Structures are given as C-alpha cells and as structure tokens.
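Notes follow the structure.
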Amino acid sequence: MNLVGYLLKLVFKFSAVILLLSQFSCATKSNFKGIIVASKGKIESLDPAQATKLLALQLISSLGDTLYRIDSQGLLVPMLAKDEPEISKDGLSISIPLRDNIFFHDGTKFNAEAMAFSIRRFKRIGNLTYITKSISSVDAKEEFLLRINLSKPSSSIKGLLTSINLTPISPNSYSKYKDKFLINNFIGTGPYKLKTYSAERQTIEPFENYWGGEVKNSGITFVNFTNSTSLFSAIKTGQVDVLLSNSVEDVHSFALKNLSQRNLLVQGEGPPMEIGYIAFRTNSDILKNKNIRKALLFSLDRDLISKQVSYGLREPLKSITPPFLGINNNSPWPDYNVEAAFKLFKEAGLCNNKKLTLPLTFRSNVPSDKLLALKWQQQVNRDLSNCLEISLNGVESTTIYKQLSEGVFEAVILDWTGDYPDPYAYLAPLLDCIKIKGEVCVDGEAVTGGTFWANEALQESLLRSELLIEEERLQELRKVEKLAAEGAALLPIWHLKPRVWTRNNLSKPEFDGSGRLLLKKIIKGNE
Amino acid sequence: MNRSRSLLRYSITRLLLAPVMLWLISTLVFLLLRVAPGDPVDAILGIRADYAAREALRIKLGLDASLVNQYLKYLNCLIHGDLGESLNNQEPVRELIAHTLPASIELGVVAIIFAITIGLAVGFTGIARPEGKTDLLGRLFGIGTYALPPFWAAMLIQMFFAVMLGWLPVGGRFPPNLIEPEGSGFLIIDSIKDGNLQALIGSIRHIILPASTLGILLSGIFSRSLRLNLSKILNKNYIQAARSRGIKENEIIFKHALPNALLPVLTIAGLTIASLIGGALLIEITFSWPGIALGLQEAISQRDYPIVQGIVVIISSLVVIISLLVDLAIAFIDPRISY
C-alpha cells in the first residue's frame, strides 16, 4: 500500500510539473486567422514540371490556374481559357482563346506567349513528358489566342488541358529557370501566392489581384506529419484545422467519418480518382492459362473485402475506370462466384488433388494492400481450398516498381490515379502496348505495369477512340474495357474517394472534378 | 614516454584513421545502395512514365554512367566537400543536411539533458538507501526503460499528454501559426537570439514530448550505470578509510565516490549523443520531428543515393569526432588511463 501511495505521489508531482509548463505555454496562442492544413508527406518541389505527388499538385492548384478545370459534374469549365477549345477538322490543331486582364503574382501579364512558354518548358524539362507526347508544337497566334499542334488527333486532349502539370508560370520570374527546376517558389496566376516555403511547411496568402473572385479566407499554412496516428490526433485535438486524406489509414478515416457523423467534424468528399487492382503476369507459367486468370476474377469477394479491410470506405469496383467517368453502365468484370471459379479451375486441371499456389505480392509500406492480401488469402482458404492457395510476399513499393517490368511478380496489388479525369488516362496507362507478339506485350505500358498482356483488337480500339468524340468515343472505350475484362490480366478491386475533414468552425470543404480541394472557398469562423 | 605525449600520439593516430574509416563507410554505402533493389527513376517518375522520359531522366541524373565512373565522381566530389544534389529535386545535399541536422542535434541534446537528469537522480537516490523502497523502484524503472519499445512508449506518451490531456502538441517542431525564426536552425537558440518569446515557448512546447520520451527511455542506462558504479566504489578501501576517519557520508559520496562513478557515465553520454544524432528515427516518425533520421529514412525509400550517402558520411564523421572527444576528455579527467 505504501509503495502504491509513493508511486502515486511521484506521478502526481510529475503531472504537476507538466501542467505548469502547459499552462505557461498557453501564452503561445496567437491571433493567426489563417487555416492550417495537415497531410502526410513533404513537398519537395513546387515546380509544375517536376511535381508528381498529390500534395504538391494540390498546393500548385492553389497557386496557379489551369486552362480548364473539370467541375463536380464532370464538365469542362474554362479557367484561363475564355471559351471551349476549337479543334480543326483534321483534329491536328487546337485553338484556345485566353482571358485577358489576368496577372501573375509578380505583376506581369498572362497571355498566349506565357502559356506557350510554360508548355514548351514542360516538354523540355518536365519529368512526365509522356503527358505532352501528343503535342508537337505550341504557338501564340495572337496575344490571347493559343494554338496547340498535335502529332496525331487526340480526343483526350481536353482532359489533358486540365492537368496541373501544365499550370502556366510567369516567363519573367522563370527566365533563369527555362531549363532547370525552381523547387522553392511558384509564380502563377492562382488565388493564392506563396509566402514561405520549406519541404515540411508552406504558407500561402490571398493574391490581391486575383481575377477569379474573392478568396474566402486569410491564408493557409500546410504542415506535414509523418504518420496517420499523428494526423488523426492533430485534427481531433484542434492542432490543425483541415486534414487531407492522402496517406491517412482506413482505420483513422473511418474514425474521422464517425466523428463527422456525430457533428464533431465536417467531412468533404471528392470524385474517386484512385483505383486499386491486382495485375497478373500473363506470360508466367502459372497464369498464361486464361481460364485460371478468369477463375481468379470470380474468386474475389469485393464486398466482403471492402467491408473488412476498409470499413466500406473503398467501394467495390468492377471496371478499370472510375464509375464517375461514366463509360460503363454495366461493369465488365464478373461478380464474385465460387461455383464459376471452381468450374474454371477444374477445366484447367486443378482441384483434383492438384492445387495452384499463387504468389501474391503486396506493397509492405501500404497498410490496405497487406490487409487486402491477407483477407483474400483467408477467403480463398474458406471457399476454394482444394484448388487454390495464396502465398503472400510483402515488398517495399520502390522495389516493386523497379521489378514490375522485369516480370518478377506473378500477381501484385497496385493502384492508379489518372493524371486527369478522363477514361483514356486510365485505359492507356494500364493497357497500352507498342509491340505485340501473340497475346504477349513486349514493349509498352502493359510491360511497365507488369501484366505483359496485349490484344490487337483492344489496341486498335484504343487508338480509334482518340479519333472519335462524345458517345462514339465512349462506345469505343467500353469495347476496350470489355476486351480487357475478357483478357483477365487485371482484377479491379476498389476505388477510393479523396476525403477531407475540417473542424466545426470551418465551412464544408468542396472538391473540383479532378479531386482537388477548393481551398479558396473554405471560410473560417467561430466554433 | 610521458603521459601527455602518449595521449597526443593516440589522438593523432585516431585523427589519421578517421578519413580511412570514413572512406570505408562511404564506399560501403555507395555499393550497398546500388546493390539494393529499386530505381531512383521509378521513385521520381512512378512506373507509368514512358521509356524515353525515364532514359532522359537517367542521363540527366548521371545514372547512365558505369558504376566505376559514378564511384570515382562521387569520391572526387566528396574529397572536395561536395556532397552532391538530391536526385529527387536537385536540391544540394549540403543544404538539406544543414536544414535537418540542427533539428536532430537539438532533440538529441535536450533528450540527453532529460536522460542524465532523470537517470542520475534515480540512480543516486537508489544508492542513498540501498535495497530500500526508492532503490527498488529505481531499479524497476531502469529495467523498464530498457524493455519498453521506443515507438510504443512514444505513442502512449503522445496519446496521454497530447490527445487525452491536450497539454502539448501532437507533433511537429514549431507552431504552424507562427513564423520560424531564421538563423542557425536551432529554433530554441534562434528564438532567444531574436527575443521572440512566443517562438521560444512554441519551440519548447514542441520539443518536450519527443525529448522527454527519448530521455526517459535512455535514462535507464544512466541510472543503472551510476548505481552499479557507485555501489562498487562505496565498498572500496579508500571509502572505508574515509568513513573510519569520521568523514560525513554526504561528503564521502559527493566528494570521493561520485566523481569516480561518473566516468563511465561520461563515456555512455558521449556515445549516446553520437548515436542519437542519427538514430532517433522512431521518435522522429512518431512525433513528426523533421530531423536527419527521418530525412535518411525518406531518402532510402526514394533511393535518393546522394542524400543517403551524404547523411551517412556526416553522421559517421560526427560519431568519430564525438567518440574521440569523449576518449580525450576521459583521459584528461582520469589520470589512471593510459594510451
């Protein structure tokens, strides 16, 4: 009893010291009126020609404007462009009228020459030059008329014009950075201008000469936390005002969703741009048999896995384009069906004392991948233990990306987010093949993506879709997805909405159609 | 040969060996990074960039050169004090280290102050009444801190003091609503230099949890070491002789026993500081502390070779220098030590 009393006394004394310190430190509350936005990951570069990470793109989208944006209904809305793009009859030239009276943060004027400078610079030094592969040249035809010449007709070019990577920058401020990156500054036309920058923390403040309406808050500070638990705790305790969902684990997202349902936080959701899928290496000894691959498509219970892995936050997906892009009314991939899987495995000579062992690789640094792999393994043990056994293999993502095209993985869990909200930004990167031998791709995206699967008819449809517009184009893209489902090289699992949570003293956050949070609309009031 | 000359010879030998050791370490890191799977180009562009873009970037980053040429270039730069540029964003590695190292040193020093204060207090109060209640608790505390996994302890402390009680911030190094003082990168010192009280309090509030967690976890080494050494020394003949002469117990402990018992503690403190500079990774991750260990971990995951090489070389240099200084300090304090 004495010992316990003594221990309690010690704890009491220690707590008293901490309490004293914290009370003293209450004096640190300042009159800062801006919004503090937290997320995981540093911003290592603010150069639109270099930025690839979601957080950097989110920040650049606040500092700059694109020619067009996709609204929440999926429609193309002119931003720096004055009107819809005008496409020539042969489809090789696009004329874009630009708004006048727009200024960069350095006070210089935005015009067609500035836009051309930005696109040319991106083509010259940009990391993701494949984005502008179809653009052969850019000219300023008039002061406010931009002409883009294409090497081949491309109906997905409209979507491309919404890409954050093509955000215009001031030729004046970037004159010394024509051929190199400017990582710690950004001079654009956006609603905010950069005030301070470090990889861990950036502050932006409203741009007084912004052309596109009033910014409804007095500035934003982006802060970086290194793990999901800290992010969750930071919004819960009020250390930050807004939390972006990138890299927040599902368990925390679910808890935050519950808090928002109890009106303790406010939740906003964007269009589900991210899809999760399993890629099968179709030229491997195990998986070259299409029946086995098809059986695998039937063997996965998406609904169960979605509920148990992500509490339903990741919605089951039976296509490789997010449903909001509207190309599929009927999902081309099959439903979970144990009988059908069993029948196909049997046709492939399995199940009669012969079991297939499928090595499934997951990214060890992505918690949802690991849970998905474990859950599918358990589910297969329950449903198809005579025919199939899944052996798990966790590998760090950088290693997976390096070895994917080397054909190391039989089956691997991956995800993909389109560079812009267009079906082509999903289908081409997942299926495109430049050189085909039989049904094996020897060069192209299918190799990079680890499936090595190709189909002549699908490639033709994909190319044709670039020449078509509207409903005809969608029909062609539907055909592409149907052929991809029949090929069974990819198994779509789920799609994920970007989410954001704010404290109750902030207005409800909104996303645009590209999944970017519209920061300028957030109002901070009293809790 | 007299003692000071042999000490000088020892110091010169150690200093001459240091570049050889650093060369070995940097060569090993260079080779291991290249052997490890993963490609910096994939880490930068992702897997979907086309072949031409990937090759263009590979050439731009100098990764197309042969391994021997890459190594020779790396060594040449290193000799000239050039640690290279990040592959990821072309930021000079020197700047990156200059940005993160002060954060780690600040955390390490404050943590060591916590560790020594708690450790010595626990160890000393234990030996004051051997086998008593305080001694038992102190020993339990010492063993407990050894056994606690750092990330678990850090999460518990974060949960209790930051989330449940809300007394201190969850993580980070500085309040997001204030502007960081510029200068040396040591925010506490810079805040004092600027006379900015808000910034000073903000910095202290942010450092308390990570530093105290680290300090508590390390204090066990100090308390155990002090207690063991002190109990050994208190049984020595010269202490018995002092007691028999009627010298007061406090005087015996503070004047005769404690200085000798502190010598091993000094060695431990030196080595702990050196290892802390590069090794407080789990604490830095849990408390989102933007230190060098976190930078190293991120660079490894992105296969950013120059950053990893640069950080390892700097940390190794610091370890070599600090351990040399500790050896010299001990040799200076303790006349019994010869080299």
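Chain labels A, B, ... are given in the sequence in which chains occur in the structure tokens; within each chain residues are numbered consecutively from 1, and ligands are likewise numbered from 1 in the order shown.
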Taking only C-alpha atoms into account, produce a table as JSON lines in which each residue of chain B with an atom at most 8 Å from an atom of chain A appears once, together with its shortest atom pair and the distance in Å to one decimal, ordered by chain and rising number.
{"residue": "B:Pro37", "atom": "CA", "partner": "A:Thr399", "partner_atom": "CA", "distance": 5.4}
{"residue": "B:Gly38", "atom": "CA", "partner": "A:Thr399", "partner_atom": "CA", "distance": 4.2}
{"residue": "B:Asp39", "atom": "CA", "partner": "A:Lys402", "partner_atom": "CA", "distance": 5.6}
{"residue": "B:Asp42", "atom": "CA", "partner": "A:Lys402", "partner_atom": "CA", "distance": 6.2}
{"residue": "B:Ala43", "atom": "CA", "partner": "A:Thr398", "partner_atom": "CA", "distance": 6.0}
{"residue": "B:Ile44", "atom": "CA", "partner": "A:Thr52", "partner_atom": "CA", "distance": 7.8}
{"residue": "B:Leu45", "atom": "CA", "partner": "A:Asn127", "partner_atom": "CA", "distance": 6.5}
{"residue": "B:Gly46", "atom": "CA", "partner": "A:Tyr401", "partner_atom": "CA", "distance": 7.3}
{"residue": "B:Ile47", "atom": "CA", "partner": "A:Tyr401", "partner_atom": "CA", "distance": 5.8}
{"residue": "B:Arg48", "atom": "CA", "partner": "A:Pro429", "partner_atom": "CA", "distance": 6.5}
{"residue": "B:Ala49", "atom": "CA", "partner": "A:Leu128", "partner_atom": "CA", "distance": 6.1}
{"residue": "B:Asp50", "atom": "CA", "partner": "A:Tyr130", "partner_atom": "CA", "distance": 6.1}
{"residue": "B:Ala53", "atom": "CA", "partner": "A:Thr129", "partner_atom": "CA", "distance": 6.0}
{"residue": "B:Leu57", "atom": "CA", "partner": "A:Asn127", "partner_atom": "CA", "distance": 7.2}
{"residue": "B:Asn88", "atom": "CA", "partner": "A:Glu44", "partner_atom": "CA", "distance": 7.8}
{"residue": "B:Asn89", "atom": "CA", "partner": "A:Ser45", "partner_atom": "CA", "distance": 6.3}
{"residue": "B:Glu91", "atom": "CA", "partner": "A:Ile183", "partner_atom": "CA", "distance": 8.0}
{"residue": "B:Lys133", "atom": "CA", "partner": "A:Leu3", "partner_atom": "CA", "distance": 7.2}
{"residue": "B:Ala162", "atom": "CA", "partner": "A:Thr237", "partner_atom": "CA", "distance": 7.8}
{"residue": "B:Val163", "atom": "CA", "partner": "A:Thr237", "partner_atom": "CA", "distance": 6.1}
{"residue": "B:Gly166", "atom": "CA", "partner": "A:Thr237", "partner_atom": "CA", "distance": 6.8}
{"residue": "B:Trp167", "atom": "CA", "partner": "A:Ser22", "partner_atom": "CA", "distance": 5.4}
{"residue": "B:Leu168", "atom": "CA", "partner": "A:Ser22", "partner_atom": "CA", "distance": 6.5}
{"residue": "B:Pro169", "atom": "CA", "partner": "A:Gln239", "partner_atom": "CA", "distance": 6.9}
{"residue": "B:Val170", "atom": "CA", "partner": "A:Ala234", "partner_atom": "CA", "distance": 6.0}
{"residue": "B:Gly171", "atom": "CA", "partner": "A:Ser230", "partner_atom": "CA", "distance": 6.8}
{"residue": "B:Gly172", "atom": "CA", "partner": "A:Phe225", "partner_atom": "CA", "distance": 6.9}
{"residue": "B:Pro176", "atom": "CA", "partner": "A:Thr221", "partner_atom": "CA", "distance": 6.8}
{"residue": "B:Asn177", "atom": "CA", "partner": "A:Phe32", "partner_atom": "CA", "distance": 5.9}
{"residue": "B:Leu178", "atom": "CA", "partner": "A:Ser30", "partner_atom": "CA", "distance": 7.8}
{"residue": "B:Gln198", "atom": "CA", "partner": "A:Thr28", "partner_atom": "CA", "distance": 5.2}
{"residue": "B:Ala199", "atom": "CA", "partner": "A:Thr28", "partner_atom": "CA", "distance": 7.7}
{"residue": "B:Ile201", "atom": "CA", "partner": "A:Ser25", "partner_atom": "CA", "distance": 6.0}
{"residue": "B:Gly202", "atom": "CA", "partner": "A:Thr28", "partner_atom": "CA", "distance": 6.2}
{"residue": "B:Arg205", "atom": "CA", "partner": "A:Ser25", "partner_atom": "CA", "distance": 6.9}
{"residue": "B:Ile285", "atom": "CA", "partner": "A:Thr226", "partner_atom": "CA", "distance": 5.7}
{"residue": "B:Thr286", "atom": "CA", "partner": "A:Asn227", "partner_atom": "CA", "distance": 6.8}
{"residue": "B:Phe287", "atom": "CA", "partner": "A:Ser230", "partner_atom": "CA", "distance": 7.2}
{"residue": "B:Ser288", "atom": "CA", "partner": "A:Thr226", "partner_atom": "CA", "distance": 4.9}
{"residue": "B:Pro290", "atom": "CA", "partner": "A:Glu200", "partner_atom": "CA", "distance": 7.5}
{"residue": "B:Ser301", "atom": "CA", "partner": "A:Thr398", "partner_atom": "CA", "distance": 6.7}
{"residue": "B:Gln302", "atom": "CA", "partner": "A:Thr398", "partner_atom": "CA", "distance": 6.9}
{"residue": "B:Arg303", "atom": "CA", "partner": "A:Thr398", "partner_atom": "CA", "distance": 7.9}
Requested in this report: Would you list the contacts of Gly220 (chain B) as a ChimeraX atom specification, taking every protein, DNA or RNA residue within 7 Å and counting only C-alpha atoms, but skipping same-chain residues closer than 3 positions in sequence?
Outcome: /B:119,141-143,145-146,217,223-224
Query raised in the report: Hey, can you check how far CA of Ala274 (chain B) sits from CA of Ile322 (chain B)?
Result: 6.4 Å
Query raised in the report: Mind pulling up the distance from CA of Leu194 (chain A) to CA of Thr100 (chain B)?
Result: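 Separating CA of Thr100 (chain B) from CA of Leu194 (chain A) is a distance of 22.2 Å.
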Report task. Have a look at A:Thr108, A:Asn455, A:Ser95, A:Ser284 and name the one nearest to Asn172 (chain A); count only C-alpha atoms. Result ->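 Nearest candidate to Asn172 (chain A) out of A:Thr108, A:Asn455, A:Ser95, A:Ser284: A:Thr108.
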Query raised in the report: So which residues touch region 120-126 of chain B within 8 Å, counting only C-alpha atoms, skipping near sequence neighbours fewer than 2 positions away, as a list in words?
Result: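 Contacts, in chain order: Ile116, Thr117, Ile118, Ala128, Arg129, Pro130, Glu131, Gly132, Thr134, Asp135, Leu136, Gly138, Arg139, Ser219, Phe222, Ser223, Arg224, Ser225, Leu226 and Arg227 of chain B.
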Query raised in the report: Which polymer residues have any atom within 9 Å of an atom of Val308 (chain B), counting only C-alpha atoms, with same-chain residues fewer than 2 positions away left out, as a ChimeraX atom specification?
Result: /B:29-30,33,295-297,299-300,303-306,310-313
**Report entry** Pairwise distance for CA of Pro210 (chain B) and CA of Leu256 (chain A), rounded to one decimal in Å
**Finding:**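 CA of Leu256 (chain A) lies at a distance of 25.4 Å from CA of Pro210 (chain B).
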Requested in this report: Pick out each residue of region 334-409 of chain A that DSSP on the backbone tags as alpha helix (DSSP H); I need them as number ranges by chain.
Outcome: A: 338-347, 367-383, 397-404
Report task. Pick out the residues sitting within 8 Å of Arg147 (chain A), and hand them over as a PyMOL selection string; count only C-alpha atoms, and ignore anything fewer than 5 positions along from it in its own chain. Result -> chain A and resi 93-96+138-141
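Candidate residues A:Phe144, A:Trp211, A:Tyr336, A:Phe511 were compared for distance to Met79 (chain A), and the nearest is A:Trp211, using only C-alpha atoms.
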Report task. Name all residues at most 10 Å from Arg124 (chain A) (count only C-alpha atoms; drop same-chain ones fewer than 6 positions away) and give them as JSON, numbers by chain. Result -> {"A": [49, 118, 178, 179, 180]}
